Every structure is written in C-alpha cells, then in structure tokens.
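Content type compact mmCIF, C-alpha atoms and all ligand atoms, from the file my_file33.txt:
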```txt
# COMPACT_ATOMS: atom_id res chain seq x y z
CA MET O 1 -90.27 -18.92 -45.03
CA PRO O 2 -91.56 -15.49 -44.04
CA PHE O 3 -95.17 -16.15 -44.91
CA TYR O 4 -97.97 -18.15 -43.45
CA HIS O 5 -98.87 -21.68 -44.49
CA LYS O 6 -101.50 -24.09 -43.21
CA LEU O 7 -101.90 -27.77 -44.01
CA GLY O 8 -104.22 -30.44 -42.64
CA LYS O 9 -106.41 -30.15 -39.57
CA ILE O 10 -105.76 -27.63 -36.80
CA PRO O 11 -107.96 -26.35 -33.96
CA PRO O 12 -109.38 -22.82 -34.17
CA LYS O 13 -107.25 -21.59 -31.25
CA ARG O 14 -103.67 -22.60 -30.47
CA HIS O 15 -102.79 -24.33 -27.19
CA THR O 16 -106.37 -25.50 -26.68
CA GLN O 17 -107.94 -28.96 -26.56
CA PHE O 18 -107.82 -30.64 -29.97
CA ARG O 19 -109.29 -34.10 -29.82
CA LYS O 20 -109.26 -37.18 -32.04
CA PRO O 21 -112.50 -38.94 -33.02
CA ASP O 22 -111.94 -41.30 -30.05
CA GLY O 23 -111.85 -38.35 -27.64
CA SER O 24 -108.12 -38.42 -26.82
CA LEU O 25 -105.89 -35.41 -27.39
CA TYR O 26 -103.68 -34.80 -30.38
CA SER O 27 -100.13 -33.85 -29.28
CA GLU O 28 -99.19 -30.26 -30.01
CA GLN O 29 -95.55 -29.37 -30.79
CA LEU O 30 -94.17 -25.87 -31.17
CA PHE O 31 -91.44 -26.07 -33.82
CA GLY O 32 -89.64 -22.76 -33.48
CA THR O 33 -86.34 -21.07 -34.25
CA VAL O 34 -84.16 -18.35 -32.65
CA GLY O 35 -85.46 -19.18 -29.21
CA PHE O 36 -89.10 -18.16 -29.35
CA ASP O 37 -88.33 -15.11 -31.52
CA GLY O 38 -87.89 -16.66 -34.96
CA MET O 39 -90.13 -18.40 -37.45
CA TYR O 40 -92.18 -21.26 -36.03
CA SER O 41 -94.93 -23.70 -36.80
CA ASN O 42 -97.51 -25.26 -34.52
CA ILE O 43 -97.76 -28.96 -35.28
CA TYR O 44 -100.36 -31.55 -34.23
CA HIS O 45 -99.26 -35.19 -33.97
CA GLU O 46 -101.21 -38.43 -33.57
CA HIS O 47 -98.68 -39.40 -30.88
CA ARG O 48 -96.30 -37.59 -28.56
CA PRO O 49 -93.23 -36.80 -30.70
CA THR O 50 -90.90 -37.44 -27.75
CA GLN O 51 -91.01 -41.23 -27.62
CA VAL O 52 -87.43 -42.38 -28.11
CA LYS O 53 -86.96 -46.11 -27.50
CA GLU O 54 -83.24 -46.34 -27.94
CA ILE O 55 -80.16 -44.59 -29.26
CA LYS O 56 -78.35 -47.43 -30.98
CA LYS O 57 -75.17 -45.85 -32.32
CA GLN O 58 -73.29 -42.58 -32.41
CA TYR O 59 -70.54 -42.09 -34.98
CA SER O 60 -68.61 -39.34 -36.69
CA VAL O 61 -69.26 -38.26 -40.25
CA ALA O 62 -66.93 -35.25 -39.96
CA PRO O 63 -65.16 -34.54 -43.24
CA LYS O 64 -61.42 -35.17 -43.30
CA ILE O 65 -59.57 -31.92 -43.98
CA ALA O 66 -56.82 -32.04 -46.62
CA LYS O 67 -56.03 -28.31 -46.82
CA SER O 68 -57.05 -26.23 -43.85
CA ASN O 69 -55.54 -23.04 -45.27
CA ASN O 70 -55.93 -22.71 -49.01
CA LEU O 71 -54.77 -20.07 -51.49
CA HIS O 72 -55.01 -22.19 -54.63
CA SER O 73 -57.82 -21.51 -57.07
CA LEU O 74 -59.29 -24.96 -57.59
CA ARG O 75 -61.39 -26.71 -60.18
CA LEU O 76 -63.21 -29.75 -58.84
CA LYS O 77 -64.68 -32.26 -61.28
CA GLY O 78 -67.97 -32.80 -59.52
CA PHE O 79 -69.25 -35.54 -61.79
CA ASP O 80 -66.23 -37.66 -60.74
CA VAL O 81 -68.07 -38.20 -57.45
CA LYS O 82 -69.07 -41.87 -57.61
CA PRO O 83 -72.76 -42.71 -57.41
CA GLU O 84 -73.66 -44.60 -54.24
CA LYS O 85 -76.81 -46.40 -53.27
CA ASP O 86 -77.39 -44.90 -49.82
CA TYR O 87 -78.45 -41.25 -49.60
CA LEU O 88 -76.29 -40.30 -46.61
CA ASP O 89 -73.27 -42.34 -47.77
CA SER O 90 -73.47 -40.63 -51.16
CA ARG O 91 -73.07 -37.13 -49.69
CA LYS O 92 -69.43 -36.01 -50.01
CA THR O 93 -68.41 -32.80 -48.28
CA VAL O 94 -65.86 -31.14 -50.58
CA LEU O 95 -65.45 -27.72 -48.96
CA THR O 96 -66.24 -26.67 -45.41
CA ASN O 97 -65.90 -24.04 -42.72
CA SER O 98 -67.53 -23.54 -39.34
CA ASP O 99 -70.59 -21.87 -40.96
CA CYS O 100 -71.35 -24.14 -43.87
CA SER O 101 -70.36 -27.09 -46.01
CA ILE O 102 -70.53 -27.66 -49.75
CA ILE O 103 -71.61 -31.22 -50.51
CA LEU O 104 -71.85 -33.18 -53.76
CA ALA O 105 -73.97 -36.30 -53.96
CA ALA O 106 -75.01 -38.87 -56.54
CA PRO O 107 -77.51 -41.05 -54.66
CA GLN O 108 -78.92 -43.99 -56.61
CA LYS O 109 -81.59 -45.23 -54.24
CA SER O 110 -84.52 -43.52 -52.61
CA LEU O 111 -84.18 -42.94 -48.88
CA LYS O 112 -86.78 -45.36 -47.54
CA ASP O 113 -85.12 -47.59 -44.93
CA TYR O 114 -84.72 -44.85 -42.36
CA PHE O 115 -85.61 -41.23 -41.76
CA TYR O 116 -83.08 -38.40 -41.66
CA LYS O 117 -82.91 -35.22 -39.62
CA ASN O 118 -80.20 -32.56 -39.57
CA THR O 119 -80.53 -30.89 -36.20
CA ASP O 120 -78.11 -28.02 -36.51
CA ALA O 121 -77.97 -27.04 -40.16
CA ASP O 122 -80.44 -25.91 -42.79
CA GLU O 123 -80.00 -27.86 -46.03
CA LEU O 124 -80.30 -26.24 -49.43
CA ILE O 125 -80.46 -29.09 -51.95
CA PHE O 126 -80.01 -28.09 -55.59
CA ILE O 127 -81.25 -30.72 -58.05
CA HIS O 128 -78.80 -30.89 -60.95
CA LYS O 129 -80.02 -34.25 -62.24
CA GLY O 130 -83.01 -36.33 -61.27
CA GLY O 131 -86.50 -35.86 -59.99
CA GLY O 132 -88.80 -37.23 -57.37
CA LYS O 133 -90.49 -36.35 -54.13
CA LEU O 134 -89.11 -34.89 -50.91
CA ARG O 135 -91.21 -36.42 -48.14
CA THR O 136 -91.24 -34.65 -44.78
CA PHE O 137 -93.29 -34.71 -41.61
CA LEU O 138 -94.64 -31.29 -42.67
CA GLY O 139 -95.74 -32.43 -46.12
CA ASN O 140 -94.26 -33.42 -49.46
CA LEU O 141 -92.67 -31.50 -52.33
CA ASP O 142 -92.24 -32.81 -55.86
CA PHE O 143 -88.89 -31.82 -57.37
CA LYS O 144 -87.09 -31.88 -60.67
CA TYR O 145 -84.04 -30.49 -62.48
CA GLY O 146 -83.27 -26.95 -61.40
CA ASP O 147 -85.10 -26.97 -58.08
CA TYR O 148 -83.70 -25.66 -54.85
CA LEU O 149 -85.18 -27.55 -51.90
CA LEU O 150 -84.86 -25.62 -48.65
CA VAL O 151 -85.07 -27.97 -45.68
CA PRO O 152 -84.89 -26.05 -42.40
CA ARG O 153 -83.03 -27.72 -39.54
CA GLY O 154 -85.06 -30.21 -37.55
CA ILE O 155 -87.27 -31.34 -40.44
CA ILE O 156 -87.46 -35.15 -40.54
CA TYR O 157 -87.39 -36.31 -44.13
CA GLN O 158 -87.02 -39.06 -46.71
CA ILE O 159 -86.45 -38.72 -50.47
CA ASP O 160 -87.97 -40.69 -53.33
CA PHE O 161 -86.02 -40.55 -56.58
CA ASP O 162 -87.63 -41.42 -59.92
CA THR O 163 -84.45 -43.00 -61.33
CA GLU O 164 -80.92 -43.91 -60.19
CA ASP O 165 -79.36 -41.02 -62.12
CA ASN O 166 -79.26 -38.20 -59.58
CA ARG O 167 -76.79 -35.36 -58.98
CA LEU O 168 -77.22 -33.01 -56.04
CA PHE O 169 -75.33 -29.88 -54.99
CA ILE O 170 -76.04 -29.30 -51.32
CA VAL O 171 -75.25 -26.37 -49.05
CA GLU O 172 -75.46 -27.27 -45.40
CA SER O 173 -75.64 -24.09 -43.33
CA HIS O 174 -75.35 -23.72 -39.57
CA ARG O 175 -76.72 -20.20 -39.94
CA PRO O 176 -80.41 -20.02 -40.97
CA ILE O 177 -80.95 -19.62 -44.73
CA TYR O 178 -83.36 -16.82 -45.67
CA THR O 179 -84.35 -15.00 -48.85
CA PRO O 180 -82.44 -11.67 -49.15
CA LYS O 181 -83.73 -9.10 -46.71
CA ARG O 182 -83.39 -6.23 -49.18
CA TYR O 183 -86.04 -7.85 -51.37
CA ARG O 184 -88.61 -7.89 -48.54
CA ASN O 185 -90.73 -5.09 -47.08
CA TRP O 186 -91.16 -4.65 -43.34
CA PHE O 187 -94.00 -7.20 -43.38
CA GLY O 188 -91.77 -9.81 -45.02
CA GLN O 189 -93.51 -9.60 -48.41
CA LEU O 190 -91.24 -9.87 -51.44
CA LEU O 191 -90.92 -6.47 -53.15
CA GLU O 192 -91.48 -5.54 -56.80
CA HIS O 193 -87.75 -5.45 -57.60
CA SER O 194 -87.19 -8.97 -56.21
CA PRO O 195 -86.16 -11.46 -58.92
CA TYR O 196 -88.87 -13.82 -57.70
CA CYS O 197 -92.07 -13.57 -55.70
CA GLU O 198 -94.24 -15.71 -53.45
CA ARG O 199 -95.96 -17.33 -56.46
CA ASP O 200 -92.62 -18.91 -57.40
CA ILE O 201 -92.19 -20.56 -54.02
CA ARG O 202 -93.75 -23.99 -53.72
CA LYS O 203 -95.04 -25.00 -50.30
CA PRO O 204 -95.71 -28.55 -49.06
CA GLN O 205 -99.14 -29.63 -50.25
CA GLU O 206 -99.49 -33.30 -49.41
CA LEU O 207 -99.42 -34.36 -45.78
CA GLU O 208 -98.76 -38.03 -45.00
CA THR O 209 -100.27 -39.07 -41.71
CA HIS O 210 -99.18 -42.49 -40.44
CA ASP O 211 -100.84 -43.47 -37.17
CA GLU O 212 -98.40 -46.29 -36.41
CA LYS O 213 -96.49 -47.61 -33.42
CA GLY O 214 -93.39 -49.77 -33.73
CA GLU O 215 -89.69 -49.15 -34.30
CA PHE O 216 -88.70 -46.34 -36.62
CA LEU O 217 -85.04 -45.59 -37.28
CA VAL O 218 -84.22 -41.89 -37.50
CA LYS O 219 -80.62 -40.96 -38.34
CA VAL O 220 -80.08 -37.65 -36.62
CA LYS O 221 -77.11 -35.48 -37.52
CA LYS O 222 -75.72 -33.25 -34.81
CA ARG O 223 -72.28 -31.64 -34.74
CA ASP O 224 -70.84 -33.87 -37.49
CA GLU O 225 -72.08 -37.06 -35.83
CA ILE O 226 -74.96 -39.35 -36.68
CA PHE O 227 -77.10 -40.64 -33.85
CA GLU O 228 -79.18 -43.67 -34.79
CA MET O 229 -82.36 -43.15 -32.82
CA VAL O 230 -85.26 -45.55 -32.64
CA TYR O 231 -88.61 -43.85 -32.29
CA ALA O 232 -91.67 -45.67 -30.97
CA THR O 233 -94.08 -43.94 -33.36
CA HIS O 234 -93.97 -43.14 -37.07
CA PRO O 235 -92.22 -39.77 -37.57
CA PHE O 236 -94.77 -38.78 -40.21
CA ASP O 237 -97.82 -38.70 -37.91
CA VAL O 238 -98.79 -35.03 -38.29
CA VAL O 239 -102.49 -34.35 -38.88
CA GLY O 240 -102.03 -30.62 -39.41
CA TYR O 241 -99.91 -27.54 -38.76
CA ASP O 242 -99.70 -23.88 -39.43
CA GLY O 243 -96.99 -21.25 -39.24
CA TYR O 244 -93.92 -19.99 -41.03
CA ASN O 245 -91.35 -22.76 -40.51
CA PHE O 246 -91.65 -25.42 -43.23
CA PRO O 247 -89.67 -26.80 -46.19
CA TYR O 248 -90.19 -25.24 -49.58
CA ALA O 249 -89.03 -25.45 -53.20
CA PHE O 250 -87.95 -22.79 -55.66
CA SER O 251 -86.83 -23.45 -59.23
CA ILE O 252 -83.75 -21.70 -60.58
CA HIS O 253 -85.73 -21.48 -63.83
CA ASP O 254 -88.17 -19.13 -62.07
CA PHE O 255 -85.39 -16.68 -61.16
CA GLU O 256 -85.93 -13.53 -63.27
CA PRO O 257 -82.51 -12.09 -64.10
CA ILE O 258 -81.74 -8.41 -63.54
CA THR O 259 -79.79 -6.97 -66.48
CA GLY O 260 -78.40 -3.55 -67.39
CA ARG O 261 -76.63 -1.43 -70.01
CA ILE O 262 -73.29 -2.33 -68.44
CA HIS O 263 -72.11 -5.36 -66.45
CA GLN O 264 -74.20 -5.98 -63.34
CA PRO O 265 -72.41 -7.11 -60.17
CA PRO O 266 -72.99 -10.55 -58.61
CA PRO O 267 -75.48 -9.30 -55.95
CA VAL O 268 -78.16 -9.02 -58.69
CA HIS O 269 -78.02 -12.81 -58.87
CA GLN O 270 -78.52 -13.26 -55.13
CA THR O 271 -81.18 -15.81 -54.25
CA PHE O 272 -80.58 -16.75 -50.59
CA GLU O 273 -78.54 -15.41 -47.71
CA THR O 274 -77.33 -16.13 -44.22
CA ASP O 275 -75.21 -13.85 -42.07
CA ALA O 276 -72.19 -15.96 -43.15
CA MET O 277 -72.71 -16.52 -46.90
CA VAL O 278 -74.83 -15.79 -49.96
CA VAL O 279 -76.20 -18.08 -52.67
CA CYS O 280 -76.63 -16.65 -56.20
CA SER O 281 -78.27 -18.01 -59.36
CA PHE O 282 -76.73 -17.29 -62.76
CA VAL O 283 -79.47 -17.91 -65.31
CA PRO O 284 -79.95 -17.47 -69.07
CA ARG O 285 -80.25 -13.73 -69.73
CA LEU O 286 -79.69 -10.93 -72.19
CA TYR O 287 -76.26 -9.36 -72.04
CA ASP O 288 -75.43 -5.74 -71.31
CA TYR O 289 -76.68 -3.42 -74.04
CA HIS O 290 -74.35 -0.37 -73.87
CA PRO O 291 -72.79 -0.16 -77.37
CA ASP O 292 -69.28 -0.54 -75.90
CA SER O 293 -70.13 -3.00 -73.14
CA ILE O 294 -67.98 -6.01 -72.33
CA PRO O 295 -70.34 -8.81 -71.25
CA ALA O 296 -67.58 -10.90 -69.60
CA PRO O 297 -66.98 -9.91 -65.99
CA TYR O 298 -64.03 -7.74 -65.04
CA ASN O 299 -61.18 -9.16 -62.97
CA HIS O 300 -62.19 -8.92 -59.36
CA SER O 301 -60.79 -9.43 -55.91
CA ASN O 302 -63.11 -11.15 -53.53
CA ILE O 303 -61.09 -9.63 -50.73
CA ASP O 304 -63.13 -11.00 -47.85
CA SER O 305 -65.04 -13.98 -49.21
CA ASP O 306 -64.29 -17.34 -50.81
CA GLU O 307 -66.22 -17.79 -54.04
CA VAL O 308 -67.61 -21.16 -55.10
CA LEU O 309 -69.24 -21.55 -58.50
CA TYR O 310 -71.09 -24.71 -59.43
CA TYR O 311 -71.64 -25.01 -63.17
CA VAL O 312 -74.97 -26.52 -64.09
CA ASP O 313 -75.62 -26.05 -67.79
CA GLY O 314 -74.96 -23.92 -70.87
CA ASP O 315 -71.74 -22.21 -71.94
CA PHE O 316 -69.71 -20.34 -69.36
CA MET O 317 -68.54 -17.31 -71.25
CA SER O 318 -65.77 -16.18 -68.92
CA ARG O 319 -64.19 -19.64 -68.61
CA ASN O 320 -62.27 -21.90 -70.92
CA ASP O 321 -62.69 -25.65 -70.39
CA ILE O 322 -65.35 -25.62 -67.74
CA GLU O 323 -67.94 -28.35 -67.84
CA ALA O 324 -71.25 -29.02 -66.15
CA GLY O 325 -70.93 -30.49 -62.68
CA GLN O 326 -67.63 -28.76 -61.98
CA ILE O 327 -66.92 -26.45 -59.08
CA THR O 328 -64.44 -23.61 -59.14
CA LEU O 329 -63.15 -22.19 -55.88
CA HIS O 330 -61.64 -18.71 -55.98
CA PRO O 331 -60.29 -18.15 -52.49
CA ALA O 332 -60.22 -14.77 -50.81
CA GLY O 333 -56.88 -13.02 -51.09
CA ILE O 334 -56.19 -13.25 -54.81
CA PRO O 335 -58.00 -11.77 -57.83
CA HIS O 336 -59.65 -13.84 -60.54
CA GLY O 337 -61.37 -13.01 -63.79
CA PRO O 338 -62.01 -14.04 -67.36
CA HIS O 339 -59.69 -16.58 -68.91
CA PRO O 340 -57.35 -15.43 -71.71
CA GLY O 341 -59.40 -14.29 -74.70
CA ALA O 342 -62.74 -14.49 -72.92
CA ALA O 343 -63.28 -10.72 -72.61
CA GLU O 344 -62.73 -10.11 -76.35
CA ARG O 345 -64.75 -13.19 -77.19
CA SER O 346 -67.73 -11.90 -75.25
CA ILE O 347 -67.96 -8.56 -77.09
CA GLY O 348 -70.95 -8.40 -79.41
CA LYS O 349 -72.66 -11.41 -77.83
CA THR O 350 -76.26 -10.61 -76.97
CA GLU O 351 -77.25 -13.35 -74.57
CA THR O 352 -76.02 -16.26 -72.49
CA GLU O 353 -77.51 -19.66 -71.75
CA GLU O 354 -75.33 -20.20 -68.68
CA LEU O 355 -76.85 -21.78 -65.59
CA ALA O 356 -74.79 -21.83 -62.40
CA VAL O 357 -75.10 -21.61 -58.64
CA MET O 358 -72.63 -19.49 -56.67
CA VAL O 359 -71.90 -19.64 -52.95
CA ASP O 360 -69.79 -16.87 -51.44
CA THR O 361 -68.68 -17.60 -47.90
CA PHE O 362 -67.38 -14.89 -45.61
CA LYS O 363 -65.02 -17.26 -43.79
CA PRO O 364 -62.37 -19.18 -45.75
CA LEU O 365 -63.24 -22.69 -46.87
CA GLN O 366 -61.16 -25.72 -46.02
CA VAL O 367 -60.67 -28.34 -48.72
CA THR O 368 -61.54 -31.87 -47.71
CA GLU O 369 -59.89 -35.10 -48.86
CA ASP O 370 -63.01 -35.88 -50.89
CA GLY O 371 -62.75 -32.42 -52.45
CA LEU O 372 -59.06 -32.53 -53.24
CA LYS O 373 -59.54 -35.89 -55.00
CA LEU O 374 -61.68 -34.05 -57.59
CA SER O 375 -59.11 -31.30 -58.23
CA ASP O 376 -57.20 -31.18 -61.52
CA GLY O 377 -54.28 -29.51 -59.73
CA THR O 378 -53.55 -26.97 -62.48
CA TYR O 379 -56.56 -24.65 -62.51
CA TYR O 380 -54.75 -21.94 -60.54
CA GLN O 381 -52.41 -21.50 -63.55
CA SER O 382 -55.25 -21.28 -66.10
CA TRP O 383 -55.06 -17.50 -66.43
CA LEU O 384 -51.52 -17.58 -67.88
CA GLU O 385 -51.06 -16.59 -71.52
CA GLU O 386 -50.39 -19.57 -73.79
FE FE P 401 -65.98 -14.12 -59.32
```

Once you've parsed the file, please lay out its structure as structure tokens.
Ligand SMILES: [Fe+2]
Amino acid sequence: MPFYHKLGKIPPKRHTQFRKPDGSLYSEQLFGTVGFDGMYSNIYHEHRPTQVKEIKKQYSVAPKIAKSNNLHSLRLKGFDVKPEKDYLDSRKTVLTNSDCSIILAAPQKSLKDYFYKNTDADELIFIHKGGGKLRTFLGNLDFKYGDYLLVPRGIIYQIDFDTEDNRLFIVESHRPIYTPKRYRNWFGQLLEHSPYCERDIRKPQELETHDEKGEFLVKVKKRDEIFEMVYATHPFDVVGYDGYNFPYAFSIHDFEPITGRIHQPPPVHQTFETDAMVVCSFVPRLYDYHPDSIPAPYNHSNIDSDEVLYYVDGDFMSRNDIEAGQITLHPAGIPHGPHPGAAERSIGKTETEELAVMVDTFKPLQVTEDGLKLSDGTYYQSWLEE
C-alpha cells in the first residue's frame, strides 16, 4: 500500500543492533518488491526466518484447461461450487491466463493446520459470504461481507472463519495489484476525486508473536505447484515492522460511486489495477439524471479485454436471469449489452441496489474444467429476441 504503517517494536534506526531482553539480536528481514525499487517493509523476527527443516512434497495444482481459446459468452453458476473443508482444496480456478486467475471458493473450515504462502501472485480475496479473521505474520485483519482483502505475494497467512458458510471470489495476480494511479498524487496520497481515501483502508492492527521452535508446515505456492515446507520456527514470530508492504482490507461498501447526468463508463468504478487487468466495484448508486437518460449501459465491444462480472447482491438492471454468485464472461472480440427489454425497462428508474465486482483482463482468459462445469451452455444466445 503506498503509505507508511508501523506495528509492534522496531529500533530507532534500520539495520542497527536491536536486542531482545536476553541480549541476543532480533533477526531483521527486508521484505521488498520490484528488486529494491518497490514497496517494502522492514521486519524483526524472534528467530531467523530462513530455517527450513525439510521440503516434504512438491505437487501440481495447475488448473486443467477445458477451452484454451474461447469466444463464447459464458454464465457460470458460482454457487454450484461445492463447499469443501480445506481452504486450499476449496479454491477452484474457473478462468485463467498467464497474468491472473479467477478463483471461486466455499471453504468450510478455518485454515489452522498449516500456513499458506503464495510466492508469485498477489491475492485479492473478496468476501461474498462469511466473516472472520485473516491472520498473517504482519498482523491480523477482521473481515466480513463485502470486504476485499489484499494479500501481497510472500505474506504467510492463515484464515479463521466464524461459520462454515463462506463464499469467496479470489483474483490471483502475477502482476502487483495497486490502487489506480490516476487517483494518487505524486506522493502516493489518494486525491479528492478518488472514490475512496486512506481512512477507508484498514491496516493490520494486531500482531501475533509466537516465540516457538518445532515443526511448522507451510504450504508454499510457486508456479502452480505447492511445496510443503517444514519450518523450524513459528512463522508468526514478528515483534515489529514498518514500511509500505503489508496486507490490508477495503470494504466495497466504502466505495463512493461516481455518477453523472448521462451513463458513466466502467472506469468510474475502478478500484484496483495491475498492468494486465483492472478490478471495478459496482455499488448501489443514483442513476443518471439527464431527463432523457437511459440508465442501462449501451452495447459495447470490449475489443481488447475479456470482461468478467461477479454478481454479489441486488438487482442487475441490464441482465435477465442473473443471480448472486454467478459470473458472466464476455470475451474480447464480440459486443455485449443489455438483454432484450432491459434498456426500456431502465428508463425512469432513479437508483440501483446492484453490487458486483468486475475484472477486465487485457489477455484472453482460458476456461478451466472446473469453470466449464458451472456453465449453463446457453448464455451466449441470451441476447436473441424471444
Ligand atoms: Fe460490459
């Protein structure tokens, strides 16, 4: 996150002696991105964070591709994804390309038996159902319905869920996920026209420090494989850190919509970006107020991006028969737009309660076997007149 955060105990000067009550040194770790040019944090551990006892297993979790080249508009029934006990097993990649993956998950159990780390992708976890606590080695974040949890690559974490009824929409991105640059000034501060500001971003507040030796299983994801690594010290042994690289939470309910006299284009909904995709939030808002305005969107050609919409809640005014938990994929190359009757139906409406998350990827998405299983097969014909 492009602002400074400090948690726990740190010495007054970096890279200097920082000693425990018994006189021994804490172990400093620089946790940085983009070589030494990007955001970083300086972390102080009870033990050296390098103590790997064993790498037990290495196995593929690469999604199986069903359609590598897709020109069908698809509707995926996301709530048909079966709940599973284990957090990692529950994550089903439904769409993927070399930059990012779209994952649906319905985990029933908290992640407590092992720790998890994604080494080469940032994870944006949208909480559709459920609540609990994201526990990381850089502090904890409480979460609930509507939260985006941004977990930068390399963060070791566990998740506590309050109940077994959880639904997650996850974007795994090999490119770093940032807030949109056009909403930041040259110091990184969010500008006045940004739909959210620093006060809306929740930083880790509670640091768990476990000074323990033993055997600690960390499942580490790298290049679509899981490495089961056994660490000799507890991964949550940080006594303090400061810097810019840490997990954070932002609620979609804190996104302030930008509206206008006539239909505003999707970039006004933009919430996050990488150099390979954007993530937008469609939130309850007043409709366009020109006397002749048509609130439903116009037909549009996403000529050079695939468009994924994940429907969260409310009525989706431009769509017939779309339900919460469903994904629509409108691939690059063909236009899409309101369903028959939706444009007329929208005229005179003053507001919408719709809540949705959109991901536009600049490279085409492949459809996985898990994704195709959720498809109704007929959505691409849904624009035909009756
Ligand atoms: Fe669209």

Can you tell me how far CA of Gly371 (chain O) sits from CA of Lys144 (chain O), in Å to one decimal?
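Taking CA of Gly371 (chain O) and CA of Lys144 (chain O), their separation equals 25.7 Å.
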
Neighbouring residues of Tyr4 (chain O) were defined as those with any atom within 8 Å, considering all atoms listed in the file; residues of the same chain fewer than 3 positions away were excluded. Please report them as JSON, numbers by chain.
{"O": [1, 242, 243, 244]}

Using all atoms listed in the file, can you tell me which of O:Ile65, O:Cys280, O:Ile201, O:Val52 comes closest to ligand FE 401 (chain P)?
O:Cys280

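Restricting the calculation to only C-alpha atoms and all ligand atoms, the smallest distance between ligand FE 401 (chain P) and any of O:Met358, O:Ile327, O:Ile159, O:Val94 is found for O:Met358.
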
Give one line per residue of chain O that approaches ligand FE 401 (chain P) to at most 8 Å, naming the two atoms of the closest pair and their distance in Å to one decimal, counting all atoms listed in the file; sort by chain then ascending residue number and deliver it as a Markdown table.
```
| residue | atom | partner | partner_atom | distance |
| --- | --- | --- | --- | --- |
| O:Pro266 | CA | P:FE401 | FE | 7.9 |
| O:Pro297 | CA | P:FE401 | FE | 8.0 |
| O:Asn299 | CA | P:FE401 | FE | 7.8 |
| O:His300 | CA | P:FE401 | FE | 6.4 |
| O:Ser301 | CA | P:FE401 | FE | 7.8 |
| O:Asn302 | CA | P:FE401 | FE | 7.1 |
| O:Glu307 | CA | P:FE401 | FE | 6.4 |
| O:His330 | CA | P:FE401 | FE | 7.1 |
| O:His336 | CA | P:FE401 | FE | 6.5 |
| O:Gly337 | CA | P:FE401 | FE | 6.5 |
```

Just how far from CA of Glu84 (chain O) is CA of Thr361 (chain O), in Å to one decimal?
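That distance, rounded to one decimal, is 28.2 Å.
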
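The spacing separating CA of Thr96 (chain O) from CA of Phe115 (chain O) amounts to 24.5 Å.
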